[in-house]
>>> print(open('query-v2.txt').read())   # compact mmCIF, C-alpha atoms
# COMPACT_ATOMS: atom_id res chain seq x y z
CA MET S 101 -30.98 69.06 59.57
CA SER S 102 -34.02 67.56 57.96
CA GLY S 103 -35.91 69.06 55.09
CA ASP S 104 -38.93 69.47 57.33
CA SER S 105 -37.66 71.46 60.28
CA GLY S 106 -34.48 73.31 61.10
CA LYS S 107 -34.64 71.96 64.66
CA THR S 108 -35.11 68.32 63.70
CA VAL S 109 -32.01 66.11 63.42
CA VAL S 110 -32.55 63.05 61.26
CA ILE S 111 -30.25 60.21 60.30
CA ALA S 112 -31.58 58.63 57.10
CA VAL S 113 -30.88 54.95 56.39
CA ASP S 114 -32.04 53.40 53.13
CA GLY S 115 -31.47 50.11 51.36
CA PRO S 116 -33.09 46.86 50.25
CA ALA S 117 -34.54 44.20 52.53
CA ALA S 118 -32.20 42.42 54.97
CA ALA S 119 -29.25 44.72 54.28
CA GLY S 120 -28.93 45.39 58.01
CA LYS S 121 -30.94 48.60 58.34
CA THR S 122 -32.94 47.76 61.46
CA THR S 123 -30.02 46.37 63.46
CA THR S 124 -27.78 49.32 62.68
CA CYS S 125 -30.53 51.90 63.19
CA LEU S 126 -31.25 50.55 66.67
CA ALA S 127 -27.54 50.74 67.46
CA LEU S 128 -27.37 54.36 66.24
CA ALA S 129 -30.47 55.20 68.26
CA ASP S 130 -28.81 53.80 71.38
CA THR S 131 -25.49 55.54 70.68
CA PHE S 132 -26.87 59.01 70.05
CA GLY S 133 -30.08 58.97 72.10
CA LEU S 134 -32.39 59.00 69.07
CA ARG S 135 -35.91 57.76 68.49
CA TYR S 136 -36.17 55.08 65.80
CA LEU S 137 -38.72 54.65 63.03
CA GLU S 138 -39.15 51.92 60.43
CA SER S 139 -41.10 53.75 57.72
CA GLY S 140 -41.84 50.60 55.74
CA ARG S 141 -44.00 49.29 58.57
CA THR S 142 -46.79 51.64 57.52
CA TYR S 143 -46.88 50.21 53.99
CA ARG S 144 -47.01 46.72 55.47
CA ILE S 145 -49.90 47.72 57.73
CA VAL S 146 -51.85 49.05 54.74
CA ALA S 147 -51.06 45.90 52.73
CA TYR S 148 -52.10 43.67 55.64
CA GLU S 149 -55.38 45.53 56.14
CA ALA S 150 -56.08 45.51 52.41
CA ILE S 151 -55.80 41.73 52.41
CA ARG S 152 -57.83 41.40 55.61
CA ARG S 153 -60.61 43.68 54.35
CA GLY S 154 -60.67 42.38 50.80
CA VAL S 155 -59.37 45.58 49.17
CA PRO S 156 -57.55 44.79 45.90
CA VAL S 157 -54.00 46.14 46.17
CA ASP S 158 -54.04 47.03 42.47
CA ASP S 159 -57.00 49.37 43.04
CA ARG S 160 -55.02 52.52 43.76
CA SER S 161 -57.93 54.75 44.85
CA ALA S 162 -59.33 52.03 47.11
CA VAL S 163 -55.93 51.51 48.79
CA VAL S 164 -55.51 55.27 49.34
CA GLY S 165 -59.00 55.39 50.83
CA LEU S 166 -58.10 52.50 53.12
CA CYS S 167 -54.98 54.36 54.26
CA ASP S 168 -57.10 57.41 55.11
CA ARG S 169 -59.51 55.25 57.11
CA LEU S 170 -56.64 53.65 59.02
CA ILE S 171 -55.27 57.09 59.88
CA ASP S 172 -58.69 58.15 61.11
CA GLU S 173 -59.09 54.95 63.10
CA SER S 174 -55.73 55.46 64.78
CA ARG S 175 -57.02 58.87 66.03
CA THR S 176 -53.55 60.36 66.41
CA GLY S 177 -52.67 59.54 62.82
CA ASP S 178 -49.68 57.54 64.05
CA LEU S 179 -49.70 54.11 62.47
CA PHE S 180 -46.01 53.61 63.12
CA THR S 181 -46.14 52.58 66.75
CA SER S 182 -49.48 50.79 66.76
CA SER S 183 -49.37 47.66 68.92
CA ARG S 184 -52.31 46.12 67.06
CA TYR S 185 -50.10 44.32 64.58
CA ARG S 186 -47.78 41.42 65.26
CA PRO S 187 -44.48 41.27 63.35
CA ARG S 188 -45.37 37.81 62.04
CA GLU S 189 -48.60 39.17 60.55
CA LEU S 190 -46.86 42.07 58.82
CA ARG S 191 -44.12 39.83 57.41
CA SER S 192 -46.32 37.00 56.17
CA ASN S 193 -45.93 35.81 52.58
CA PRO S 194 -49.18 37.46 51.37
CA VAL S 195 -48.05 40.81 52.79
CA ASP S 196 -44.59 40.38 51.26
CA LEU S 197 -46.22 39.93 47.87
CA ALA S 198 -48.66 42.84 48.28
CA VAL S 199 -46.46 45.50 49.84
CA SER S 200 -44.60 46.41 46.64
CA ALA S 201 -47.85 47.33 44.91
CA VAL S 202 -48.97 49.37 47.90
CA ALA S 203 -45.64 51.17 48.24
CA GLY S 204 -45.71 52.10 44.56
CA ILE S 205 -48.82 54.30 44.91
CA GLY S 206 -47.64 57.90 44.76
CA GLU S 207 -50.62 59.42 46.57
CA LEU S 208 -50.25 56.96 49.42
CA ARG S 209 -46.50 57.64 49.68
CA GLY S 210 -47.32 61.34 50.02
CA ARG S 211 -49.55 60.60 52.99
CA VAL S 212 -46.94 58.41 54.63
CA THR S 213 -44.24 61.04 54.07
CA GLU S 214 -46.36 63.65 55.84
CA LEU S 215 -46.95 61.24 58.74
CA ILE S 216 -43.18 60.73 59.01
CA HIS S 217 -42.60 64.50 59.04
CA GLN S 218 -45.19 64.93 61.79
CA TRP S 219 -43.61 62.14 63.84
CA ALA S 220 -40.08 63.53 63.38
CA ARG S 221 -41.12 67.03 64.46
CA VAL S 222 -42.34 65.61 67.76
CA GLN S 223 -39.22 63.49 68.32
CA ALA S 224 -36.74 66.22 67.26
CA ARG S 225 -33.83 63.73 67.11
CA CYS S 226 -34.38 60.48 65.26
CA VAL S 227 -33.07 57.81 62.91
CA VAL S 228 -35.44 56.71 60.15
CA GLU S 229 -35.02 53.69 57.91
CA GLY S 230 -36.72 52.99 54.61
CA ARG S 231 -36.19 53.07 50.89
CA ASP S 232 -36.59 56.77 50.06
CA ILE S 233 -35.74 58.51 53.33
CA GLY S 234 -32.56 60.22 52.12
CA THR S 235 -33.82 60.90 48.60
CA VAL S 236 -37.42 62.04 49.17
CA VAL S 237 -38.53 62.19 52.79
CA PHE S 238 -35.53 63.99 54.34
CA PRO S 239 -33.33 65.09 51.41
CA THR S 240 -31.27 67.45 53.61
CA ALA S 241 -30.63 65.06 56.49
CA PRO S 242 -27.11 65.65 57.85
CA ALA S 243 -26.20 61.96 57.73
CA LYS S 244 -27.45 59.54 55.09
CA PHE S 245 -26.58 55.91 54.55
CA TYR S 246 -27.40 53.34 51.89
CA LEU S 247 -26.87 49.78 53.10
CA THR S 248 -26.81 46.89 50.68
CA ALA S 249 -25.57 43.31 50.39
CA LYS S 250 -25.60 40.52 47.83
CA PRO S 251 -29.10 39.06 47.30
CA GLU S 252 -27.88 35.61 48.38
CA THR S 253 -26.59 36.99 51.67
CA ARG S 254 -29.79 38.90 52.32
CA ALA S 255 -31.89 35.82 51.58
CA GLU S 256 -29.87 33.81 54.08
CA ARG S 257 -30.40 36.51 56.70
CA ARG S 258 -34.14 36.59 56.14
CA VAL S 259 -34.42 32.82 56.46
CA ARG S 260 -32.55 32.99 59.78
CA GLN S 261 -34.51 35.98 61.08
CA GLU S 262 -38.03 35.07 59.99
CA GLY S 263 -37.88 31.29 60.07
CA HIS S 264 -40.32 30.61 57.24
CA GLY S 265 -39.88 29.71 53.60
CA SER S 266 -37.03 27.89 51.90
CA TYR S 267 -33.84 29.69 50.91
CA GLU S 268 -34.76 29.38 47.23
CA GLU S 269 -38.22 30.90 47.79
CA VAL S 270 -36.86 33.73 49.90
CA LEU S 271 -34.08 34.50 47.39
CA LYS S 272 -36.64 34.69 44.61
CA ASP S 273 -38.74 37.08 46.71
CA VAL S 274 -35.71 39.24 47.57
CA ILE S 275 -34.86 39.63 43.88
CA ARG S 276 -38.51 40.33 42.98
CA ARG S 277 -38.82 42.99 45.68
CA ASP S 278 -35.54 44.62 44.64
CA GLN S 279 -36.72 44.88 41.04
CA ALA S 280 -40.10 46.28 42.08
CA ASP S 281 -38.59 48.86 44.45
CA MET S 282 -35.86 49.99 42.07
CA SER S 283 -38.07 50.27 38.99
CA ARG S 284 -41.17 51.95 40.41
CA PRO S 285 -41.85 55.40 38.91
CA VAL S 286 -42.47 57.03 42.30
CA ALA S 287 -39.60 57.30 44.81
CA PRO S 288 -37.56 54.35 43.50
CA LEU S 289 -34.98 52.66 45.69
CA VAL S 290 -31.70 54.41 44.82
CA PRO S 291 -28.87 55.81 46.95
CA ALA S 292 -29.02 59.53 47.65
CA GLU S 293 -26.18 61.35 45.91
CA ASP S 294 -24.64 62.29 49.25
CA ALA S 295 -25.32 59.00 51.04
CA VAL S 296 -22.51 56.88 52.40
CA GLU S 297 -22.91 53.49 50.75
CA ILE S 298 -21.94 50.41 52.75
CA ASP S 299 -21.95 46.86 51.41
CA THR S 300 -22.60 44.73 54.49
CA THR S 301 -22.07 41.37 52.78
CA GLU S 302 -18.69 40.65 54.36
CA LEU S 303 -18.89 43.00 57.34
CA SER S 304 -19.87 42.32 60.94
CA VAL S 305 -22.60 44.37 62.60
CA ALA S 306 -19.95 46.03 64.78
CA GLN S 307 -17.93 47.06 61.71
CA VAL S 308 -20.96 48.57 59.99
CA VAL S 309 -22.15 50.40 63.10
CA GLY S 310 -18.65 51.68 63.81
CA ARG S 311 -18.38 53.25 60.38
CA MET S 312 -21.85 54.78 60.65
CA VAL S 313 -21.16 56.23 64.10
CA SER S 314 -17.93 57.78 62.80
CA VAL S 315 -19.72 59.38 59.85
CA CYS S 316 -22.49 60.72 62.08
CA ARG S 317 -20.00 62.35 64.43
CA ASP S 318 -18.09 63.85 61.51
CA ARG S 319 -21.35 65.35 60.24
CA GLY S 320 -22.33 66.93 63.52
CA VAL S 321 -24.70 64.36 65.03
CA ALA S 322 -23.70 64.32 68.68
CA ASN S 323 -25.22 63.11 71.91
CA PRO S 324 -27.73 65.59 73.41
>>> encode(input="query-v2.txt", output="structure tokens")
Amino acid sequence: MSGDSGKTVVIAVDGPAAAGKTTTCLALADTFGLRYLESGRTYRIVAYEAIRRGVPVDDRSAVVGLCDRLIDESRTGDLFTSSRYRPRELRSNPVDLAVSAVAGIGELRGRVTELIHQWARVQARCVVEGRDIGTVVFPTAPAKFYLTAKPETRAERRVRQEGHGSYEEVLKDVIRRDQADMSRPVAPLVPAEDAVEIDTTELSVAQVVGRMVSVCRDRGVANP
């Protein structure tokens, strides 16, 4: 069960960029009939809007204020499923560079965590990916995973998936983002103590998903 509601079943999947979180989460969602959420998308939306509106990402109070305005503008408070933003916009180089600063703001993370809790209560059964889902957002989730892979492998995947930037540039950005996420004082990227850690470097998607499905079933996550 999640830390937010005894009736909410959450699978928490954390890990650095391009470790395979999205692909495996979608497979788990299909296997167990779960709704899927990429929590990091909200931080990218805030970073994108900060750039678009000229809000300095190092101005913490201004960024938090922007987040509040975006929540108000979305009416339902649900930034996660907004169709206003194209994936290419949210994964542009400027956003890649800005998102670490945005995600490191504790007050903003608190707002995003509450939005995730609200979303999960409505869905009841879901799989959520991010960087602090098993450690902070849903610390009592019944199944937690931490996916990782060598930086070189993850850089190669990003080049294939996103189609922009040289391998050298992307590798440098992967290492920079890892350092920023792992060293931030608020909700750093670390495996939860009870998370199942999987290094996906040498594994196929089917192998990773198979192991995750097995763990979920062992921990009581079954089809509705």
>>> closest_residue(input="query-v2.txt", among="S:Ala255, S:Ala280, S:Cys226, S:Ala119", to="Val199 (chain S)", atoms="only C-alpha atoms")
S:Ala280
>>> residues_near_point(input="query-v2.txt", point="(-48.6, 47.9, 56.8)", cutoff="10 Å", atoms="all atoms listed in the file", output="CSV table (one decimal) with C-alpha atoms, in the coordinates of the input")
chain,number,residue,atom,x,y,z
S,139,SER,CA,-41.1,53.8,57.7
S,140,GLY,CA,-41.8,50.6,55.7
S,141,ARG,CA,-44.0,49.3,58.6
S,142,THR,CA,-46.8,51.6,57.5
S,143,TYR,CA,-46.9,50.2,54.0
S,144,ARG,CA,-47.0,46.7,55.5
S,145,ILE,CA,-49.9,47.7,57.7
S,146,VAL,CA,-51.8,49.0,54.7
S,147,ALA,CA,-51.1,45.9,52.7
S,148,TYR,CA,-52.1,43.7,55.6
S,149,GLU,CA,-55.4,45.5,56.1
S,150,ALA,CA,-56.1,45.5,52.4
S,167,CYS,CA,-55.0,54.4,54.3
S,179,LEU,CA,-49.7,54.1,62.5
S,180,PHE,CA,-46.0,53.6,63.1
S,185,TYR,CA,-50.1,44.3,64.6
S,189,GLU,CA,-48.6,39.2,60.6
S,190,LEU,CA,-46.9,42.1,58.8
S,191,ARG,CA,-44.1,39.8,57.4
S,195,VAL,CA,-48.0,40.8,52.8
S,198,ALA,CA,-48.7,42.8,48.3
S,199,VAL,CA,-46.5,45.5,49.8
S,202,VAL,CA,-49.0,49.4,47.9
S,203,ALA,CA,-45.6,51.2,48.2
>>> atom_distance(input="query-v2.txt", atom1="CA of Arg225 (chain S)", atom2="CA of Ala127 (chain S)")
14.4 Å
>>> closest_residue(input="query-v2.txt", among="S:Val296, S:Leu271, S:Ala249, S:Val237", to="Val313 (chain S)", atoms="only C-alpha atoms")
S:Val296
>>> closest_residue(input="query-v2.txt", among="S:Leu289, S:Leu197, S:Leu170, S:Leu215", to="Lys272 (chain S)", atoms="all atoms listed in the file")
S:Leu197
>>> residues_around(input="query-v2.txt", residues="Asp278 (chain S)", least_positions_apart="6", cutoff="9 Å", atoms="only C-alpha atoms", output="list in words")
Pro116, Ala117, Pro251 and Leu289 of chain S
>>> atom_distance(input="query-v2.txt", atom1="CA of Ser192 (chain S)", atom2="CA of Arg258 (chain S)")
12.2 Å
